[in-house]
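Source file: input.csv; contents: CSV, C-alpha atoms.
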chain,number,residue,atom,x,y,z
W,105,MET,CA,17.2,-23.8,0.1
W,106,LEU,CA,16.8,-22.6,-3.5
W,107,GLU,CA,19.4,-20.9,-5.8
W,108,LEU,CA,19.3,-19.6,-9.4
W,109,LYS,CA,22.7,-19.2,-11.0
W,110,ASN,CA,23.0,-17.2,-14.2
W,111,VAL,CA,19.7,-18.5,-15.5
W,112,TYR,CA,18.8,-17.6,-19.2
W,113,LYS,CA,15.6,-18.3,-21.0
W,114,LYS,CA,14.7,-16.6,-24.3
W,115,PHE,CA,11.0,-16.2,-25.2
W,116,ASN,CA,11.4,-13.7,-28.1
W,117,ASP,CA,13.7,-10.9,-29.0
W,118,LEU,CA,12.4,-8.7,-26.2
W,119,LYS,CA,11.2,-11.1,-23.5
W,120,GLY,CA,13.2,-13.6,-21.4
W,121,LEU,CA,15.4,-14.2,-18.4
W,122,LYS,CA,18.9,-12.8,-18.8
W,123,GLY,CA,21.3,-14.1,-16.3
W,124,VAL,CA,19.1,-14.3,-13.2
W,125,ASN,CA,20.9,-14.9,-9.9
W,126,LEU,CA,18.8,-15.4,-6.8
W,127,LYS,CA,19.1,-17.1,-3.4
W,128,ILE,CA,16.0,-18.1,-1.3
W,129,ASN,CA,16.7,-18.9,2.3
W,130,PRO,CA,14.5,-20.8,4.9
W,131,GLY,CA,12.9,-18.7,7.5
W,132,LYS,CA,12.9,-15.6,5.2
W,133,ILE,CA,10.3,-13.8,3.1
W,134,HIS,CA,11.9,-12.9,-0.2
W,135,ILE,CA,10.2,-10.2,-2.2
W,136,LEU,CA,10.3,-10.0,-6.0
W,137,ILE,CA,9.3,-6.5,-7.2
W,138,GLY,CA,9.3,-4.8,-10.6
W,139,GLU,CA,7.0,-3.4,-13.2
W,140,ASN,CA,4.7,-5.5,-15.4
W,141,GLY,CA,6.8,-7.7,-17.8
W,142,ALA,CA,10.0,-7.3,-15.8
W,143,GLY,CA,10.3,-11.1,-15.4
W,144,LYS,CA,9.0,-11.8,-12.0
W,145,THR,CA,6.5,-14.5,-13.0
W,146,SER,CA,9.0,-15.9,-15.5
W,147,ILE,CA,11.4,-16.5,-12.7
W,148,ILE,CA,8.7,-18.2,-10.7
W,149,LYS,CA,7.8,-20.5,-13.6
W,150,ALA,CA,11.4,-21.4,-14.2
W,151,ILE,CA,11.6,-22.4,-10.5
W,152,LEU,CA,8.5,-24.5,-11.0
W,153,SER,CA,9.8,-26.1,-14.2
W,154,TYR,CA,7.1,-24.8,-16.4
W,155,TYR,CA,9.6,-24.7,-19.2
W,156,PRO,CA,13.3,-25.7,-19.7
W,157,ILE,CA,15.8,-23.0,-19.2
W,158,ASP,CA,18.4,-22.3,-21.9
W,159,SER,CA,21.4,-22.2,-19.6
W,160,GLY,CA,22.4,-21.7,-16.0
W,161,GLN,CA,21.4,-23.7,-12.9
W,162,ILE,CA,18.5,-24.0,-10.6
W,163,LEU,CA,19.5,-25.7,-7.3
W,164,TRP,CA,17.2,-27.2,-4.8
W,165,ASN,CA,19.0,-27.9,-1.5
W,166,GLY,CA,22.2,-28.0,-3.5
W,167,HIS,CA,20.8,-30.4,-6.1
W,168,ASN,CA,20.9,-29.2,-9.7
W,169,LEU,CA,17.4,-29.5,-11.1
W,170,THR,CA,16.8,-30.7,-14.6
W,171,PHE,CA,13.7,-30.1,-16.7
W,172,GLY,CA,11.0,-32.7,-16.1
W,173,GLU,CA,12.2,-33.4,-12.6
W,174,TYR,CA,9.2,-33.0,-10.3
W,175,GLU,CA,9.8,-34.7,-7.0
W,176,TYR,CA,11.1,-31.5,-5.4
W,177,LYS,CA,7.7,-29.8,-6.2
W,178,LYS,CA,6.1,-31.8,-3.4
W,179,GLU,CA,8.0,-29.5,-1.1
W,180,ILE,CA,6.6,-26.3,-2.7
W,181,GLY,CA,3.2,-24.6,-2.4
W,182,TYR,CA,2.3,-22.2,-5.2
W,183,VAL,CA,-0.4,-19.4,-5.5
W,184,PRO,CA,-0.4,-18.1,-9.1
W,185,ASP,CA,-1.1,-14.5,-10.1
W,186,ASP,CA,-4.6,-15.4,-11.4
W,187,GLU,CA,-7.5,-17.2,-9.7
W,188,THR,CA,-7.5,-20.3,-11.9
W,189,LEU,CA,-9.2,-23.2,-10.3
W,190,LEU,CA,-11.0,-26.4,-11.3
W,191,ASP,CA,-14.3,-24.5,-11.7
W,192,TYR,CA,-16.7,-27.4,-11.5
W,193,LEU,CA,-15.4,-28.7,-8.2
W,194,THR,CA,-16.0,-27.5,-4.7
W,195,PRO,CA,-13.2,-26.4,-2.3
W,196,ASN,CA,-13.5,-29.7,-0.5
W,197,GLU,CA,-13.2,-31.6,-3.8
W,198,ILE,CA,-10.2,-29.6,-4.9
W,199,LEU,CA,-8.5,-30.3,-1.6
W,200,ASN,CA,-9.3,-34.0,-1.9
W,201,PHE,CA,-7.7,-34.0,-5.4
W,202,ILE,CA,-4.6,-32.3,-4.0
W,203,GLU,CA,-4.4,-34.7,-1.1
W,204,ASN,CA,-4.4,-37.7,-3.5
W,205,SER,CA,-1.9,-36.0,-5.8
W,206,TYR,CA,0.6,-35.3,-3.0
W,207,ARG,CA,-0.2,-38.5,-1.1
W,208,VAL,CA,-0.3,-36.6,2.2
W,209,ASN,CA,-1.7,-37.7,5.5
W,210,LYS,CA,-5.4,-36.9,5.0
W,211,ASP,CA,-6.2,-36.4,8.6
W,212,LYS,CA,-3.4,-33.9,9.0
W,213,SER,CA,-4.3,-32.1,5.7
W,214,LYS,CA,-8.0,-31.9,6.7
W,215,GLU,CA,-7.0,-30.3,10.0
W,216,ILE,CA,-4.8,-27.8,8.2
W,217,ALA,CA,-7.6,-27.0,5.7
W,218,LYS,CA,-10.2,-26.6,8.5
W,219,ASN,CA,-8.0,-24.2,10.4
W,220,LEU,CA,-7.2,-22.2,7.2
W,221,PHE,CA,-10.8,-22.0,6.1
W,222,GLU,CA,-11.8,-20.6,9.5
W,223,LEU,CA,-8.9,-18.1,9.5
W,224,LEU,CA,-9.8,-16.9,6.0
W,225,ASP,CA,-13.6,-16.9,6.8
W,226,LEU,CA,-14.5,-19.2,3.9
W,227,LYS,CA,-17.6,-21.2,4.8
W,228,GLU,CA,-18.8,-22.2,1.3
W,229,THR,CA,-16.6,-25.3,1.1
W,230,ASN,CA,-19.3,-27.4,-0.6
W,231,THR,CA,-20.2,-24.8,-3.3
W,232,LEU,CA,-18.8,-24.9,-6.8
W,233,VAL,CA,-15.9,-22.5,-7.1
W,234,ASN,CA,-17.3,-21.1,-10.4
W,235,GLN,CA,-19.7,-19.2,-8.2
W,236,PHE,CA,-17.0,-17.6,-6.1
W,237,SER,CA,-15.7,-14.0,-6.2
W,238,ARG,CA,-12.1,-13.3,-7.0
W,239,GLY,CA,-11.2,-13.0,-3.4
W,240,MET,CA,-12.9,-16.3,-2.4
W,241,ARG,CA,-11.1,-18.1,-5.2
W,242,LYS,CA,-7.8,-16.6,-3.9
W,243,LYS,CA,-8.6,-18.0,-0.5
W,244,VAL,CA,-9.1,-21.5,-1.9
W,245,GLN,CA,-5.7,-21.2,-3.7
W,246,LEU,CA,-4.0,-20.2,-0.5
W,247,VAL,CA,-5.5,-23.2,1.4
W,248,SER,CA,-4.5,-25.5,-1.6
W,249,ALA,CA,-0.9,-24.3,-1.4
W,250,LEU,CA,-0.6,-25.0,2.3
W,251,ILE,CA,-2.4,-28.3,3.0
W,252,HIS,CA,0.7,-30.4,2.2
W,253,ASN,CA,2.8,-28.3,4.6
W,254,PRO,CA,5.4,-27.2,2.0
W,255,LYS,CA,8.9,-26.1,2.9
W,256,LEU,CA,8.8,-23.3,0.3
W,257,LEU,CA,5.7,-21.2,-0.4
W,258,ILE,CA,5.6,-19.1,-3.6
W,259,LEU,CA,2.9,-16.4,-4.0
W,260,ASP,CA,2.5,-14.4,-7.1
W,261,GLU,CA,0.5,-11.2,-6.4
W,262,PRO,CA,-1.3,-12.9,-3.4
W,263,ILE,CA,-3.3,-9.9,-2.2
W,264,ALA,CA,-5.2,-9.5,-5.5
W,265,GLY,CA,-8.9,-9.7,-4.8
W,266,LEU,CA,-8.6,-9.8,-1.0
W,267,ASP,CA,-10.3,-7.2,1.2
W,268,PRO,CA,-8.4,-5.1,3.7
W,269,THR,CA,-9.1,-7.5,6.6
W,270,MET,CA,-7.9,-10.5,4.7
W,271,ILE,CA,-4.7,-8.6,3.6
W,272,VAL,CA,-3.9,-8.0,7.2
W,273,VAL,CA,-4.5,-11.6,8.1
W,274,LEU,CA,-2.4,-12.9,5.1
W,275,LYS,CA,0.5,-10.7,6.1
W,276,ASP,CA,0.4,-12.0,9.7
W,277,LEU,CA,0.1,-15.5,8.4
W,278,LEU,CA,3.2,-15.2,6.2
W,279,LYS,CA,5.2,-13.8,9.1
W,280,GLU,CA,4.2,-16.7,11.3
W,281,LEU,CA,5.1,-19.2,8.6
W,282,ARG,CA,8.4,-17.5,8.2
W,283,ASN,CA,9.0,-17.7,11.9
W,284,LYS,CA,8.3,-21.5,11.6
W,285,GLY,CA,11.2,-21.8,9.2
W,286,LYS,CA,9.5,-21.8,5.9
W,287,GLY,CA,11.0,-20.1,2.9
W,288,ILE,CA,8.6,-17.7,1.2
W,289,ILE,CA,8.8,-15.9,-2.2
W,290,VAL,CA,6.3,-13.1,-2.7
W,291,SER,CA,6.0,-11.4,-6.1
W,292,THR,CA,4.1,-8.1,-5.7
W,293,HIS,CA,3.7,-4.6,-7.0
W,294,ASP,CA,2.9,-3.2,-3.6
W,295,LEU,CA,6.0,-1.4,-2.3
W,296,ALA,CA,4.5,-0.9,1.2
W,297,ILE,CA,3.7,-4.5,1.7
W,298,ALA,CA,7.1,-5.5,0.3
W,299,GLU,CA,8.8,-3.3,2.8
W,300,GLU,CA,6.6,-4.4,5.7
W,301,ILE,CA,7.0,-8.1,5.4
W,302,GLY,CA,10.1,-8.7,3.3
W,303,ASN,CA,13.4,-9.9,4.9
W,304,GLU,CA,15.1,-9.9,1.6
W,305,ILE,CA,14.1,-7.9,-1.5
W,306,SER,CA,15.1,-8.3,-5.1
W,307,ILE,CA,14.2,-5.8,-7.8
W,308,VAL,CA,13.6,-7.3,-11.3
W,309,LYS,CA,14.0,-5.3,-14.5
W,310,ASP,CA,14.4,-6.4,-18.1
W,311,GLY,CA,14.5,-10.1,-17.3
W,312,THR,CA,17.2,-10.0,-14.6
W,313,VAL,CA,17.7,-9.2,-10.9
W,314,VAL,CA,19.3,-5.8,-10.8
W,315,ALA,CA,19.4,-5.4,-7.0
W,316,SER,CA,19.1,-7.9,-4.2
W,317,LEU,CA,19.6,-7.1,-0.5
W,318,SER,CA,18.4,-7.6,3.0
W,319,LYS,CA,15.8,-5.2,4.5
W,320,GLU,CA,18.5,-4.0,6.9
W,321,ASN,CA,20.9,-3.1,4.2
W,322,LEU,CA,18.1,-1.6,2.1
W,323,GLU,CA,17.2,0.8,5.0
W,324,LYS,CA,20.9,1.5,5.7
W,325,GLU,CA,21.9,2.3,2.1
W,326,TYR,CA,18.7,3.7,0.6
W,327,GLY,CA,16.4,4.7,3.4
W,328,SER,CA,13.4,3.0,1.9
W,329,LEU,CA,12.3,0.7,-0.9
W,330,GLN,CA,10.6,3.6,-2.6
W,331,ASN,CA,14.0,5.3,-2.9
W,332,LEU,CA,15.7,2.2,-4.3
W,333,TYR,CA,12.9,1.4,-6.7
W,334,SER,CA,12.7,5.0,-8.0
W,335,SER,CA,16.4,5.1,-8.7
W,336,ILE,CA,16.3,1.9,-10.7
W,337,TYR,CA,13.1,2.8,-12.6
W,338,SER,CA,13.8,6.6,-12.7
W,339,LYS,CA,13.8,6.7,-16.5
W,340,GLU,CA,10.5,4.9,-16.8
W,341,VAL,CA,8.8,7.0,-14.1
W,342,ASN,CA,10.1,10.3,-15.4
W,343,THR,CA,9.0,9.5,-19.0
W,344,LEU,CA,5.5,8.6,-17.9
W,345,ARG,CA,5.3,11.6,-15.5
W,346,SER,CA,6.2,13.9,-18.4
W,347,GLN,CA,3.0,12.7,-20.3
W,348,ILE,CA,0.6,13.5,-17.4
W,349,ASN,CA,0.1,17.2,-18.5
W,350,ASN,CA,-0.7,16.1,-22.0
W,351,VAL,CA,-3.2,13.6,-20.8
W,352,VAL,CA,-4.9,16.1,-18.4
W,353,SER,CA,-5.0,18.9,-20.9
W,354,SER,CA,-6.7,16.7,-23.4
W,355,LEU,CA,-9.6,15.9,-21.0
Would you encode the structure as structure tokens?
Amino acid sequence: MLELKNVYKKFNDLKGLKGVNLKINPGKIHILIGENGAGKTSIIKAILSYYPIDSGQILWNGHNLTFGEYEYKKEIGYVPDDETLLDYLTPNEILNFIENSYRVNKDKSKEIAKNLFELLDLKETNTLVNQFSRGMRKKVQLVSALIHNPKLLILDEPIAGLDPTMIVVLKDLLKELRNKGKGIIVSTHDLAIAEEIGNEISIVKDGTVVASLSKENLEKEYGSLQNLYSSIYSKEVNTLRSQINNVVSSL
């Protein structure tokens, strides 16, 4: 469905993508995991053509994408890592804007939206979203990403702001969407959720994918995601752990 081949993008001397290779398959949940600044969101924004890459290829169903090419984005639903919305619109107005932008069947999209709002227990669909909590805004983003029935769903830190009940519901929803054949990318810091729902897991460090394997191979070779992550980020973890005593003694 989607493939990144040796993708480079330099932002400054320290930040950028450095030879990213990644494959996203239909009917799979692919997890991106890594520390803050590792490059997870930069990979997602490269996929979404937020900026031109310096070199490499991004392939959508075998077609090499060029910057400024947007037709493929009709097949993608995206939930960003913040809760940015059009603040002076209601959820229903936001969805109407999306329906017009994607030129979807409005009867079908309204049915999808109605079912999702019920599932996510969001009743204030005629209230301005600038009055919403963080979790409520995230729910609107989730509905907005799904009403055009995308083939690929990209979620960047999707559980941020959601309560425990909604996290359980979201995990089950993603599993069912996967079973329906959709490709799903989830960027998260939560190792437990990554291991629970991920079929394929990639660890990102210093702007590149340093490990990418199936859940089955992960369990066979490393026992757990925690073990693999700790081995890759051992230097960073040990350095920070060594500072704990100094912090505690200063309190």
Mind running stretch 215-314 of chain W against stretch 118-125 of chain W at 8 Å and telling me each contacting residue's nearest atom pair with the distance in Å (one decimal), counting only C-alpha atoms, chain and number ascending, as a tab-separated table?
residue	atom	partner	partner_atom	distance
W:Asp310	CA	W:Lys119	CA	7.8
W:Gly311	CA	W:Leu121	CA	4.3
W:Thr312	CA	W:Val124	CA	4.9
W:Val313	CA	W:Val124	CA	5.8
Shortest contact to W:Ile307, candidates W:Gly166, W:Glu175, W:Lys324, W:Ile135, atoms counted all atoms listed in the file, goes to W:Ile135
Looking at only C-alpha atoms, which of W:Lys275, W:His134, W:Lys243, W:Lys113 is the one that sits closest to W:Ile289?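 Using only C-alpha atoms, the shortest distance to W:Ile289 belongs to W:His134.
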Between W:Leu344, W:Ala217, W:Ile128, W:Ile147, which has the minimum distance to W:Tyr112 (counting all atoms listed in the file)? W:Ile147
Would you work out the distance separating atom CA of W:Lys319 from atom CA of W:Glu304, expressed in Å to one decimal?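 Here the two named atoms are 5.6 Å from each other.
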Distance criterion (only C-alpha atoms): nearest to W:Gly138 out of W:Val314, W:Ser354, W:Leu322, W:Leu199: W:Val314
Spatial neighbours of W:Lys132, 7 Å, only C-alpha atoms, chain gap at least 5 places, as a ChimeraX atom specification: /W:282,287-288,303
For stretch 149-161 of chain W, list every protein, DNA or RNA residue within 12 Å, evaluated using all atoms listed in the file, and leave out those in the same chain fewer than 5 positions away; present the list as a PyMOL selection string. chain W and resi 106-115+120-128+143-144+166-185+256-260+289+291
In Å, rounded to a single decimal, give me how far atom CA of W:Asn204 is from atom CA of W:Thr229.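 Computed distance, atom CA of W:Thr229 to atom CA of W:Asn204, equals 18.0 Å.
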Hey, could you make a per-residue contact list for stretch 241-282 of chain W against stretch 293-299 of chain W with 12 Å as the cut-off, showing the nearest pair of atoms and its distance in Å to one decimal, counting all atoms listed in the file, sorted by chain and number, as CSV?
residue,atom,partner,partner_atom,distance
W:Asp260,CA,W:His293,CA,9.9
W:Glu261,CA,W:His293,CA,7.4
W:Pro262,CA,W:His293,CA,10.3
W:Ile263,CA,W:Asp294,CA,9.2
W:Ala264,CA,W:His293,CA,10.3
W:Ile271,CA,W:Ile297,CA,9.5
W:Val272,CA,W:Ile297,CA,10.0
W:Leu274,CA,W:Ile297,CA,10.9
W:Lys275,CA,W:Ile297,CA,8.2
W:Asp276,CA,W:Ile297,CA,11.5
W:Leu278,CA,W:Ile297,CA,11.6
W:Lys279,CA,W:Ile297,CA,12.0
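Here atom CA of W:Gln235 is placed at a distance of 9.7 Å from atom CA of W:Thr194.
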Long-range neighbours of W:Lys218 as a list in words, 12 Å cut-off, all atoms listed in the file, 5 positions minimum in chain: Pro195, Asn196, Leu199, Lys210, Asp211, Lys212, Ser213, Leu223, Leu224, Asp225, Leu226, Lys227, Thr229, Val244, Val247, Ser248, Leu250 and Ile251 of chain W
Write the residues of the preceding selection, restricted to C-alpha atoms, as a short mmCIF file (atom, residue, chain, number, x, y, z; two decimals), in the coordinates of the input.
data_model
loop_
_atom_site.label_atom_id
_atom_site.label_comp_id
_atom_site.auth_asym_id
_atom_site.auth_seq_id
_atom_site.Cartn_x
_atom_site.Cartn_y
_atom_site.Cartn_z
CA PRO W 195 -13.20 -26.40 -2.30
CA ASN W 196 -13.50 -29.70 -0.50
CA LEU W 199 -8.50 -30.30 -1.60
CA LYS W 210 -5.40 -36.90 5.00
CA ASP W 211 -6.20 -36.40 8.60
CA LYS W 212 -3.40 -33.90 9.00
CA SER W 213 -4.30 -32.10 5.70
CA LEU W 223 -8.90 -18.10 9.50
CA LEU W 224 -9.80 -16.90 6.00
CA ASP W 225 -13.60 -16.90 6.80
CA LEU W 226 -14.50 -19.20 3.90
CA LYS W 227 -17.60 -21.20 4.80
CA THR W 229 -16.60 -25.30 1.10
CA VAL W 244 -9.10 -21.50 -1.90
CA VAL W 247 -5.50 -23.20 1.40
CA SER W 248 -4.50 -25.50 -1.60
CA LEU W 250 -0.60 -25.00 2.30
CA ILE W 251 -2.40 -28.30 3.00
#
